[in-house]
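Have a look at final_12.txt below; it lists compact mmCIF, C-alpha atoms.
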# COMPACT_ATOMS: atom_id res chain seq x y z
CA MET M 1 3.95 -5.95 -24.55
CA ASN M 2 7.62 -6.82 -24.56
CA ASP M 3 9.20 -8.14 -27.74
CA LYS M 4 11.35 -10.61 -25.81
CA ARG M 5 8.29 -12.60 -24.79
CA PRO M 6 7.91 -15.88 -26.61
CA ARG M 7 4.84 -15.60 -28.83
CA HIS M 8 3.53 -18.91 -27.56
CA TYR M 9 5.19 -20.48 -24.56
CA GLN M 10 4.61 -24.18 -24.26
CA TRP M 11 6.46 -26.89 -22.43
CA PRO M 12 7.31 -29.36 -23.88
CA PRO M 13 7.88 -27.45 -27.15
CA LEU M 14 5.62 -28.15 -30.12
CA PRO M 15 6.79 -30.28 -33.05
CA GLU M 16 7.74 -28.57 -36.33
CA ASN M 17 4.41 -29.25 -38.03
CA PHE M 18 2.63 -26.40 -36.22
CA SER M 19 2.46 -22.86 -37.62
CA GLU M 20 0.81 -19.62 -36.47
CA GLN M 21 -2.56 -18.97 -38.10
CA VAL M 22 -5.75 -17.07 -37.17
CA PRO M 23 -8.57 -19.66 -37.22
CA ASP M 24 -12.00 -18.78 -38.66
CA GLY M 25 -14.09 -16.93 -36.09
CA ASP M 26 -11.09 -16.13 -33.90
CA ASN M 27 -9.17 -12.86 -33.51
CA LEU M 28 -5.79 -14.14 -32.31
CA GLU M 29 -3.04 -16.21 -33.89
CA ARG M 30 -3.11 -19.82 -32.70
CA LEU M 31 -0.77 -22.72 -33.36
CA VAL M 32 -2.37 -24.90 -36.03
CA CYS M 33 -1.14 -28.33 -37.18
CA ASP M 34 -0.27 -28.13 -40.90
CA THR M 35 -0.95 -31.87 -41.22
CA CYS M 36 -4.45 -32.27 -39.75
CA GLY M 37 -5.68 -28.73 -39.02
CA PHE M 38 -5.86 -29.27 -35.23
CA ILE M 39 -5.94 -25.90 -33.42
CA ASN M 40 -3.74 -25.90 -30.34
CA TYR M 41 -5.34 -23.40 -27.97
CA ILE M 42 -2.69 -22.63 -25.36
CA ASN M 43 -3.96 -21.43 -22.00
CA PRO M 44 -2.12 -19.87 -19.11
CA LYS M 45 -1.02 -22.53 -16.66
CA ILE M 46 -1.77 -22.73 -12.97
CA VAL M 47 0.94 -23.75 -10.50
CA VAL M 48 -0.25 -24.75 -7.03
CA GLY M 49 1.93 -25.12 -3.96
CA ALA M 50 2.10 -24.65 -0.21
CA VAL M 51 4.29 -23.25 2.51
CA VAL M 52 4.03 -26.18 4.91
CA ALA M 53 4.55 -25.78 8.65
CA TRP M 54 5.41 -28.36 11.30
CA GLN M 55 5.87 -27.21 14.89
CA GLY M 56 7.08 -23.77 13.88
CA ARG M 57 9.44 -24.91 11.14
CA LEU M 58 8.86 -25.06 7.39
CA LEU M 59 9.13 -28.06 5.06
CA MET M 60 11.43 -27.47 2.10
CA CYS M 61 12.48 -29.69 -0.83
CA ARG M 62 15.83 -29.69 -2.63
CA ARG M 63 15.00 -30.09 -6.32
CA ASP M 64 16.31 -33.05 -8.29
CA ILE M 65 15.02 -31.76 -11.64
CA GLU M 66 15.88 -28.85 -13.91
CA PRO M 67 15.46 -25.94 -13.86
CA ARG M 68 17.32 -25.05 -10.64
CA ARG M 69 18.33 -28.57 -9.70
CA CYS M 70 19.87 -28.70 -6.17
CA TYR M 71 18.08 -25.51 -5.06
CA TRP M 72 15.37 -25.34 -2.42
CA THR M 73 11.64 -24.83 -2.92
CA MET M 74 8.32 -25.39 -1.23
CA PRO M 75 6.34 -28.27 -2.78
CA ALA M 76 4.58 -26.92 -5.90
CA GLY M 77 3.71 -27.96 -9.43
CA PHE M 78 1.22 -27.76 -12.27
CA LEU M 79 -2.47 -28.17 -11.50
CA GLU M 80 -3.91 -31.17 -13.32
CA GLU M 81 -7.30 -31.55 -14.98
CA ARG M 82 -10.36 -31.99 -12.74
CA GLU M 83 -8.44 -31.10 -9.57
CA THR M 84 -9.37 -28.31 -7.20
CA ILE M 85 -6.49 -25.96 -6.44
CA ARG M 86 -6.34 -27.27 -2.85
CA GLN M 87 -6.30 -30.89 -4.07
CA GLY M 88 -3.45 -29.95 -6.42
CA ALA M 89 -1.41 -28.46 -3.57
CA GLU M 90 -2.02 -31.63 -1.49
CA ARG M 91 -0.94 -33.86 -4.38
CA GLU M 92 2.25 -31.91 -5.01
CA ALA M 93 3.21 -32.15 -1.31
CA ARG M 94 2.64 -35.91 -1.50
CA GLU M 95 4.61 -36.32 -4.75
CA GLU M 96 7.58 -34.13 -3.87
CA ALA M 97 7.87 -34.59 -0.10
CA GLU M 98 5.77 -37.68 0.74
CA ALA M 99 3.88 -35.27 2.96
CA GLU M 100 0.24 -35.34 4.02
CA ILE M 101 -0.85 -31.76 4.47
CA VAL M 102 -3.93 -29.79 5.50
CA VAL M 103 -4.32 -26.80 3.22
CA GLY M 104 -5.35 -23.50 4.79
CA SER M 105 -5.54 -19.89 3.55
CA LEU M 106 -4.52 -18.77 0.10
CA LEU M 107 -1.24 -16.97 0.85
CA ALA M 108 -0.38 -15.47 -2.53
CA ILE M 109 -0.96 -15.35 -6.25
CA TYR M 110 2.27 -14.71 -8.14
CA GLU M 111 2.02 -14.20 -11.88
CA ILE M 112 4.74 -14.67 -14.48
CA PRO M 113 3.17 -13.32 -17.69
CA ARG M 114 6.24 -14.02 -19.85
CA ILE M 115 5.56 -17.75 -19.53
CA SER M 116 1.79 -17.40 -18.93
CA GLN M 117 1.98 -18.83 -15.42
CA VAL M 118 -0.26 -18.10 -12.44
CA GLN M 119 1.10 -19.51 -9.17
CA MET M 120 -1.34 -20.01 -6.31
CA ILE M 121 0.49 -20.65 -3.02
CA PHE M 122 -1.33 -21.73 0.15
CA ARG M 123 -0.46 -22.02 3.80
CA ALA M 124 -0.61 -25.58 5.05
CA THR M 125 0.25 -27.72 8.06
CA LEU M 126 1.61 -31.25 8.21
CA LEU M 127 -0.34 -34.14 9.69
CA SER M 128 2.95 -35.74 10.85
CA ASP M 129 6.66 -35.26 10.26
CA ASP M 130 6.80 -38.59 8.39
CA VAL M 131 8.10 -37.07 5.15
CA GLY M 132 10.66 -38.06 2.54
CA ALA M 133 12.17 -37.20 -0.82
CA GLY M 134 9.86 -37.86 -3.76
CA ILE M 135 11.15 -38.78 -7.21
CA GLU M 136 11.80 -35.14 -8.22
CA THR M 137 13.43 -34.27 -4.87
CA GLN M 138 17.01 -34.82 -3.58
CA GLU M 139 16.17 -34.31 0.07
CA VAL M 140 13.58 -32.72 2.32
CA ALA M 141 14.29 -30.73 5.46
CA PHE M 142 12.68 -28.49 8.06
CA PHE M 143 13.98 -24.95 8.52
CA ASP M 144 13.41 -22.02 10.84
CA PHE M 145 13.47 -18.61 9.27
CA ASP M 146 16.87 -18.15 10.91
CA ASP M 147 18.50 -21.17 9.26
CA MET M 148 16.56 -21.01 5.94
CA PRO M 149 18.95 -21.40 2.97
CA TRP M 150 17.98 -17.96 1.63
CA ASP M 151 20.85 -17.90 -0.90
CA ASP M 152 19.94 -21.28 -2.30
CA LEU M 153 16.23 -20.87 -2.97
CA ALA M 154 15.15 -22.02 -6.43
CA PHE M 155 13.03 -19.07 -7.61
CA PRO M 156 12.08 -15.54 -6.54
CA THR M 157 8.55 -16.81 -5.91
CA VAL M 158 9.94 -19.12 -3.19
CA THR M 159 11.59 -16.20 -1.42
CA TRP M 160 8.41 -14.11 -1.71
CA ALA M 161 6.20 -16.91 -0.41
CA LEU M 162 8.37 -17.38 2.69
CA ARG M 163 8.55 -13.62 3.36
CA ASP M 164 4.81 -13.19 2.82
CA TYR M 165 4.15 -16.16 5.10
CA GLN M 166 6.03 -14.36 7.88
CA LYS M 167 3.93 -11.21 7.39
CA VAL M 168 0.59 -12.92 8.07
CA GLU M 169 1.51 -15.31 10.86
CA GLY M 170 -1.44 -15.36 13.25
CA LEU M 171 -3.82 -13.75 10.75
CA ASP M 172 -6.65 -15.63 9.04
CA ASP M 173 -8.66 -13.20 6.93
CA PHE M 174 -6.29 -11.43 4.55
CA ALA M 175 -6.09 -10.68 0.84
CA PRO M 176 -3.59 -12.95 -0.93
CA PHE M 177 -0.25 -11.31 -1.71
CA SER M 178 0.82 -10.50 -5.26
CA ILE M 179 4.23 -10.08 -6.84
CA PRO M 180 5.95 -7.39 -4.73
CA ASP M 181 6.34 -3.85 -6.00
CA THR M 182 10.13 -4.07 -6.26
CA LYS M 183 12.43 -3.64 -9.26
CA LEU M 184 12.53 -7.42 -9.81
CA GLY M 185 8.80 -7.78 -9.20
CA ARG M 186 7.92 -5.05 -11.68
CA ARG M 187 10.18 -6.58 -14.35
CA ILE M 188 8.50 -9.97 -13.92
CA LEU M 189 4.96 -8.55 -13.88
CA SER M 190 5.66 -6.48 -17.02
CA GLY M 191 6.64 -9.64 -18.87
CA GLU M 192 10.29 -8.64 -19.23
CA LEU M 193 11.64 -11.49 -17.06
CA MET B 1 -13.54 -38.96 -8.69
CA ASN B 2 -16.90 -39.05 -10.36
CA ASP B 3 -17.40 -41.26 -13.40
CA LYS B 4 -19.57 -38.68 -15.13
CA ARG B 5 -16.64 -36.34 -15.51
CA PRO B 6 -15.30 -36.12 -19.04
CA ARG B 7 -11.84 -37.68 -19.05
CA HIS B 8 -10.42 -34.72 -20.91
CA TYR B 9 -12.55 -31.63 -21.24
CA GLN B 10 -11.55 -29.39 -24.12
CA TRP B 11 -13.37 -26.71 -25.99
CA PRO B 12 -13.46 -26.80 -28.99
CA PRO B 13 -13.44 -30.62 -29.05
CA LEU B 14 -10.44 -32.45 -30.46
CA PRO B 15 -10.49 -34.00 -33.94
CA GLU B 16 -10.81 -37.78 -34.27
CA ASN B 17 -7.10 -38.39 -34.82
CA PHE B 18 -6.28 -38.04 -31.09
CA SER B 19 -6.27 -41.02 -28.70
CA GLU B 20 -5.46 -41.47 -25.01
CA GLN B 21 -1.91 -42.68 -24.37
CA VAL B 22 0.60 -42.44 -21.52
CA PRO B 23 3.69 -40.72 -23.01
CA ASP B 24 7.22 -41.89 -22.08
CA GLY B 25 8.30 -40.35 -18.77
CA ASP B 26 4.75 -39.37 -17.82
CA ASN B 27 2.33 -41.03 -15.38
CA LEU B 28 -1.02 -39.84 -16.76
CA GLU B 29 -2.94 -40.47 -19.94
CA ARG B 30 -2.66 -37.62 -22.42
CA LEU B 31 -4.29 -37.04 -25.77
CA VAL B 32 -1.76 -37.93 -28.46
CA CYS B 33 -2.14 -37.31 -32.21
CA ASP B 34 -2.05 -40.67 -34.02
CA THR B 35 -0.77 -38.93 -37.15
CA CYS B 36 2.24 -36.96 -35.92
CA GLY B 37 2.74 -37.98 -32.27
CA PHE B 38 2.01 -34.49 -30.89
CA ILE B 39 1.13 -34.69 -27.17
CA ASN B 40 -1.78 -32.41 -26.28
CA TYR B 41 -1.19 -31.45 -22.64
CA ILE B 42 -4.49 -30.02 -21.43
CA ASN B 43 -4.30 -27.62 -18.52
CA PRO B 44 -7.03 -26.24 -16.31
CA LYS B 45 -8.31 -22.95 -17.69
CA ILE B 46 -8.52 -19.62 -15.93
CA VAL B 47 -11.58 -17.43 -16.33
CA VAL B 48 -11.21 -13.81 -15.23
CA GLY B 49 -14.02 -11.35 -14.66
CA ALA B 50 -15.21 -8.45 -12.56
CA VAL B 51 -18.22 -7.21 -10.65
CA VAL B 52 -18.15 -3.63 -11.94
CA ALA B 53 -19.67 -0.75 -9.97
CA TRP B 54 -20.77 2.69 -11.14
CA GLN B 55 -22.32 5.05 -8.59
CA GLY B 56 -23.74 2.24 -6.48
CA ARG B 57 -25.10 0.17 -9.33
CA LEU B 58 -23.56 -2.83 -11.08
CA LEU B 59 -22.78 -3.28 -14.78
CA MET B 60 -24.29 -6.44 -16.27
CA CYS B 61 -24.23 -7.93 -19.78
CA ARG B 62 -26.95 -9.94 -21.50
CA ARG B 63 -25.14 -12.72 -23.37
CA ASP B 64 -25.44 -13.05 -27.12
CA ILE B 65 -23.54 -16.35 -27.27
CA GLU B 66 -24.21 -19.87 -26.13
CA PRO B 67 -24.25 -21.29 -23.53
CA ARG B 68 -27.00 -19.33 -21.75
CA ARG B 69 -27.69 -16.83 -24.54
CA CYS B 70 -30.04 -14.03 -23.36
CA TYR B 71 -29.09 -14.47 -19.70
CA TRP B 72 -27.21 -11.93 -17.62
CA THR B 73 -23.60 -12.06 -16.44
CA MET B 74 -20.78 -9.83 -15.27
CA PRO B 75 -18.06 -9.38 -17.91
CA ALA B 76 -15.78 -12.44 -17.78
CA GLY B 77 -13.88 -14.77 -20.09
CA PHE B 78 -10.81 -16.90 -20.61
CA LEU B 79 -7.43 -15.49 -19.64
CA GLU B 80 -5.14 -15.26 -22.67
CA GLU B 81 -1.42 -15.96 -22.88
CA ARG B 82 0.99 -13.39 -21.43
CA GLU B 83 -1.78 -11.47 -19.66
CA THR B 84 -1.92 -10.78 -15.96
CA ILE B 85 -5.22 -11.76 -14.37
CA ARG B 86 -6.10 -8.07 -13.83
CA GLN B 87 -5.29 -7.25 -17.46
CA GLY B 88 -7.53 -10.12 -18.52
CA ALA B 89 -10.44 -8.80 -16.44
CA GLU B 90 -9.93 -5.33 -17.98
CA ARG B 91 -9.88 -6.76 -21.50
CA GLU B 92 -13.06 -8.78 -20.98
CA ALA B 93 -14.89 -5.67 -19.68
CA ARG B 94 -13.72 -3.82 -22.80
CA GLU B 95 -14.71 -6.63 -25.17
CA GLU B 96 -18.09 -7.46 -23.68
CA ALA B 97 -19.28 -4.08 -22.37
CA GLU B 98 -17.03 -1.47 -24.05
CA ALA B 99 -16.17 -0.56 -20.48
CA GLU B 100 -12.94 0.91 -19.12
CA ILE B 101 -12.54 -0.40 -15.59
CA VAL B 102 -10.17 -0.08 -12.66
CA VAL B 103 -9.66 -3.51 -11.10
CA GLY B 104 -9.57 -3.73 -7.30
CA SER B 105 -9.60 -6.59 -4.80
CA LEU B 106 -9.86 -10.24 -5.73
CA LEU B 107 -13.43 -11.03 -4.72
CA ALA B 108 -13.61 -14.78 -5.24
CA ILE B 109 -12.10 -17.90 -6.74
CA TYR B 110 -14.81 -20.29 -7.96
CA GLU B 111 -13.68 -23.69 -9.21
CA ILE B 112 -15.54 -26.04 -11.54
CA PRO B 113 -13.41 -29.21 -11.50
CA ARG B 114 -15.67 -31.11 -13.91
CA ILE B 115 -14.56 -28.82 -16.71
CA SER B 116 -11.17 -27.94 -15.16
CA GLN B 117 -12.05 -24.28 -14.77
CA VAL B 118 -10.79 -21.80 -12.16
CA GLN B 119 -12.71 -18.53 -12.17
CA MET B 120 -11.06 -15.49 -10.61
CA ILE B 121 -13.54 -12.65 -10.08
CA PHE B 122 -12.47 -9.15 -9.03
CA ARG B 123 -14.20 -6.04 -7.78
CA ALA B 124 -13.85 -3.13 -10.17
CA THR B 125 -15.12 0.39 -10.77
CA LEU B 126 -15.94 2.13 -14.04
CA LEU B 127 -14.03 5.16 -15.29
CA SER B 128 -17.24 6.47 -16.94
CA ASP B 129 -20.72 5.19 -17.77
CA ASP B 130 -19.85 5.31 -21.48
CA VAL B 131 -20.49 1.58 -22.06
CA GLY B 132 -22.11 -0.50 -24.79
CA ALA B 133 -22.82 -4.01 -26.04
CA GLY B 134 -19.74 -5.79 -27.38
CA ILE B 135 -19.94 -8.42 -30.11
CA GLU B 136 -20.85 -11.24 -27.68
CA THR B 137 -23.41 -9.10 -25.80
CA GLN B 138 -27.06 -8.26 -26.58
CA GLU B 139 -27.28 -5.32 -24.21
CA VAL B 140 -25.62 -3.86 -21.15
CA ALA B 141 -27.43 -2.33 -18.17
CA PHE B 142 -26.87 -1.08 -14.64
CA PHE B 143 -28.76 -2.70 -11.78
CA ASP B 144 -29.26 -2.16 -8.07
CA PHE B 145 -29.40 -5.28 -5.94
CA ASP B 146 -33.14 -4.63 -5.69
CA ASP B 147 -33.83 -4.72 -9.43
CA MET B 148 -31.15 -7.29 -10.34
CA PRO B 149 -32.60 -9.96 -12.69
CA TRP B 150 -31.83 -12.72 -10.16
CA ASP B 151 -33.92 -15.30 -12.03
CA ASP B 152 -32.20 -14.60 -15.32
CA LEU B 153 -28.55 -14.84 -14.31
CA ALA B 154 -26.46 -16.99 -16.63
CA PHE B 155 -24.57 -19.20 -14.16
CA PRO B 156 -24.46 -19.99 -10.43
CA THR B 157 -21.06 -18.25 -10.29
CA VAL B 158 -22.74 -14.98 -11.33
CA THR B 159 -25.21 -15.24 -8.45
CA TRP B 160 -22.41 -16.09 -6.01
CA ALA B 161 -20.23 -13.22 -7.18
CA LEU B 162 -23.04 -10.69 -6.68
CA ARG B 163 -23.94 -12.08 -3.25
CA ASP B 164 -20.28 -12.22 -2.17
CA TYR B 165 -19.80 -8.65 -3.43
CA GLN B 166 -22.57 -7.52 -1.08
CA LYS B 167 -20.91 -9.25 1.88
CA VAL B 168 -17.64 -7.30 1.63
CA GLU B 169 -18.89 -3.85 0.68
CA GLY B 170 -16.71 -1.36 2.55
CA LEU B 171 -14.00 -3.94 3.33
CA ASP B 172 -10.60 -3.99 1.67
CA ASP B 173 -8.50 -6.73 3.25
CA PHE B 174 -10.40 -10.01 3.00
CA ALA B 175 -9.75 -13.56 1.85
CA PRO B 176 -11.33 -14.26 -1.54
CA PHE B 177 -14.56 -16.25 -1.39
CA SER B 178 -14.79 -19.84 -2.66
CA ILE B 179 -17.70 -21.88 -3.93
CA PRO B 180 -20.29 -21.73 -1.12
CA ASP B 181 -20.86 -24.69 1.17
CA THR B 182 -24.39 -25.36 -0.12
CA LYS B 183 -25.85 -28.45 -1.76
CA LEU B 184 -25.26 -26.98 -5.23
CA GLY B 185 -21.80 -25.72 -4.29
CA ARG B 186 -20.72 -29.09 -2.92
CA ARG B 187 -21.95 -30.89 -6.05
CA ILE B 188 -19.97 -28.53 -8.28
CA LEU B 189 -16.80 -28.72 -6.13
CA SER B 190 -16.98 -32.52 -6.03
CA GLY B 191 -16.98 -32.61 -9.84
CA GLU B 192 -20.52 -33.97 -10.09
CA LEU B 193 -21.94 -30.87 -11.85

Give the structure from this file in structure tokens form.
Amino acid sequence: MNDKRPRHYQWPPLPENFSEQVPDGDNLERLVCDTCGFINYINPKIVVGAVVAWQGRLLMCRRDIEPRRCYWTMPAGFLEERETIRQGAEREAREEAEAEIVVGSLLAIYEIPRISQVQMIFRATLLSDDVGAGIETQEVAFFDFDDMPWDDLAFPTVTWALRDYQKVEGLDDFAPFSIPDTKLGRRILSGEL
Amino acid sequence: MNDKRPRHYQWPPLPENFSEQVPDGDNLERLVCDTCGFINYINPKIVVGAVVAWQGRLLMCRRDIEPRRCYWTMPAGFLEERETIRQGAEREAREEAEAEIVVGSLLAIYEIPRISQVQMIFRATLLSDDVGAGIETQEVAFFDFDDMPWDDLAFPTVTWALRDYQKVEGLDDFAPFSIPDTKLGRRILSGEL
């Protein structure tokens, strides 16, 4: 374990009235409210998203929220309660790109242990090119791999998802990709970054 | 959406001082503490586990905790903060069966939307048959498919994982299984069960 990891990563941050305690019958420190005794069990969070194709090009969104405002991403966001992961990916495409998608294969699972995040990225296709910028998006656009704004992608996971998408074009039955075995990938998977 | 679904499923249950409110800047009801204003964002929970092989037989645990005490399962449990999903599966095998495992392919992703649970089950092999009952386990045992206690498995996901394991024996590159398209599977995936 790396000492730089936050002990408990939560967004939004907790108020001041929580402190770290080991509850009765537990074996790990949890965040407990000093006022009412409520135990805040924090669980790793699932992000769902999709690399969305339309006639050979890919749908991308320029972010209008921090972090990485103005940079490009595929539609993705936190899974909500009582959703399936495919429903979550559909909802995020609708919210961020006003896009109606059909979700296909699970492309990749990228993990970011430092912030307890598990990203599940699918392949998907559009039902029509009637798309638009949602409230968290500056603009949407379609790109080929040749004109993709590679230097202006929001996160390493976006780059990986696009590259992994290329690798399995035409394939249906494949194991989902993981974080790549590169210097950056290893630092993220170890919890350093 | 099915009306029988709990609006917010959380274990352990919340104390009485939380009520459903839509926080500023949000678009969904969240559980908010009436005393201090703390917003309890509930996220879907990840369960990690493994179908563990040793010389052609599979390692199973008889549960010593509710629900389904005395019934058989593969080692599995909730992913903790800052773990990778493979580390979580290793830890659960250690905690429940005193087993040191090597995690392989992702076998299946089973979702239970009613309780906002995403189960990620791997294939794994044992490093030795030096195993034992952990604190939440009555006994551990190795079974062939022929002598597996099929009628005493703890959950449908255990049955599915064992059956799906059989289907991909000898294969390495395959898409993880999902909840099967059966009457029971469809009722679980729809959130009814």

| Nearest to chain B, chosen from M:Ile112, M:Ala175, M:Leu153, M:Leu193, with only C-alpha atoms counted in the distances | M:Ala175

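Distances here use all atoms listed in the file; by that measure, the residue among B:Arg114, B:Arg163, B:Arg86, B:Arg63 closest to chain M is B:Arg114.
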
| Taking all atoms listed in the file into account, which of M:Met60, M:Ala76, M:Val22, M:Ala108 comes nearest chain B? | M:Ala108

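The two atoms in question, atom CA of Glu81 of chain M and atom CA of Tyr41 of chain B, are spaced 9.8 Å apart.
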
| request: Compile the residues of chain B that lie within 7 Å of chain M, evaluated using only C-alpha atoms, and express the compilation as a ChimeraX atom specification. | output: /B:15,38,43-45,79-84,111,113-116,173-176

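Nearest residue to Cys61 of chain M among M:Glu139, M:Glu95, M:Asp34, M:Asp24 is M:Glu139, counting all atoms listed in the file.
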
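Among B:Val32, B:Ile101, B:Ile179, B:Val52, the residue with the shortest atom-to-atom distance to Phe142 of chain B, counting all atoms listed in the file, is B:Val52.
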
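Restricting the calculation to only C-alpha atoms, the smallest distance between Met74 of chain M and any of M:Ala97, M:Thr125, M:Trp54, M:Asp152 is found for M:Ala97.
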
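Interatomic distance, atom CA of Asp164 of chain B to atom CA of Arg68 of chain B: 21.9 Å.
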
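Between atom CA of Trp160 of chain M and atom CA of Arg69 of chain M the separation is 19.3 Å.
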
| Contact residues around Gln21 of chain B with all atoms listed in the file at 7 Å, ignoring same-chain residues under 3 positions, as a list of chain:residue names | B:Glu29, B:Arg30, B:Leu31, B:Val32

With C-alpha atoms retained, could you export that selection as a PDB file, in the coordinates of the input?
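Contents of the output file selection-v4.pdb:
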ATOM      1  CA  GLU B  29      -2.940 -40.470 -19.940  1.00  0.00           C
ATOM      2  CA  ARG B  30      -2.660 -37.620 -22.420  1.00  0.00           C
ATOM      3  CA  LEU B  31      -4.290 -37.040 -25.770  1.00  0.00           C
ATOM      4  CA  VAL B  32      -1.760 -37.930 -28.460  1.00  0.00           C
TER       5      VAL B  32
END

| task | Tell me which protein, DNA and RNA residues are within 8 Å of Ala50 of chain M, counting all atoms listed in the file, leaving out same-chain ones fewer than 4 positions away, and put them as a list of chain:residue names. | result | M:Met74, M:Pro75, M:Ala76, M:Ala89, M:Ala93, M:Val103, M:Ile121, M:Phe122, M:Arg123, M:Ala124

| query | Contacts of Glu66 of chain B at 10 Å or less, counting only C-alpha atoms, minus same-chain residues fewer than 4 places along, as a PyMOL selection string? | reply | chain B and resi 70-71+136

| field | Who sits within 12 Å of Pro67 of chain B, all atoms listed in the file, same chain under 5 positions skipped, as a PyMOL selection string | value | chain B and resi 62+72-73+136+154-155

Write out N, CA and C atoms for segment 110-123 of chain B, as a compact mmCIF listing (two decimals), keeping the file's coordinate frame.
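Result file is result-v6.txt:
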# COMPACT_ATOMS: atom_id res chain seq x y z
N TYR B 110 -13.82 -19.21 -7.84
CA TYR B 110 -14.81 -20.29 -7.96
C TYR B 110 -14.23 -21.36 -8.88
N GLU B 111 -14.27 -22.60 -8.42
CA GLU B 111 -13.68 -23.69 -9.21
C GLU B 111 -14.77 -24.62 -9.72
N ILE B 112 -14.62 -25.06 -10.96
CA ILE B 112 -15.54 -26.04 -11.54
C ILE B 112 -14.69 -27.20 -12.04
N PRO B 113 -14.36 -28.14 -11.13
CA PRO B 113 -13.41 -29.21 -11.50
C PRO B 113 -13.88 -30.07 -12.67
N ARG B 114 -15.19 -30.25 -12.83
CA ARG B 114 -15.67 -31.11 -13.91
C ARG B 114 -15.16 -30.65 -15.26
N ILE B 115 -15.06 -29.34 -15.44
CA ILE B 115 -14.56 -28.82 -16.71
C ILE B 115 -13.20 -28.12 -16.53
N SER B 116 -12.53 -28.45 -15.42
CA SER B 116 -11.17 -27.94 -15.16
C SER B 116 -11.09 -26.42 -15.32
N GLN B 117 -12.01 -25.73 -14.65
CA GLN B 117 -12.05 -24.28 -14.77
C GLN B 117 -11.85 -23.62 -13.40
N VAL B 118 -11.00 -22.61 -13.36
CA VAL B 118 -10.79 -21.80 -12.16
C VAL B 118 -11.17 -20.36 -12.50
N GLN B 119 -12.23 -19.87 -11.88
CA GLN B 119 -12.71 -18.53 -12.17
C GLN B 119 -12.21 -17.57 -11.10
N MET B 120 -11.56 -16.50 -11.53
CA MET B 120 -11.06 -15.49 -10.61
C MET B 120 -11.80 -14.19 -10.87
N ILE B 121 -12.65 -13.79 -9.90
CA ILE B 121 -13.54 -12.65 -10.08
C ILE B 121 -13.10 -11.50 -9.17
N PHE B 122 -12.93 -10.34 -9.75
CA PHE B 122 -12.47 -9.15 -9.03
C PHE B 122 -13.62 -8.19 -8.76
N ARG B 123 -13.39 -7.24 -7.86
CA ARG B 123 -14.20 -6.04 -7.78
C ARG B 123 -13.57 -4.99 -8.68
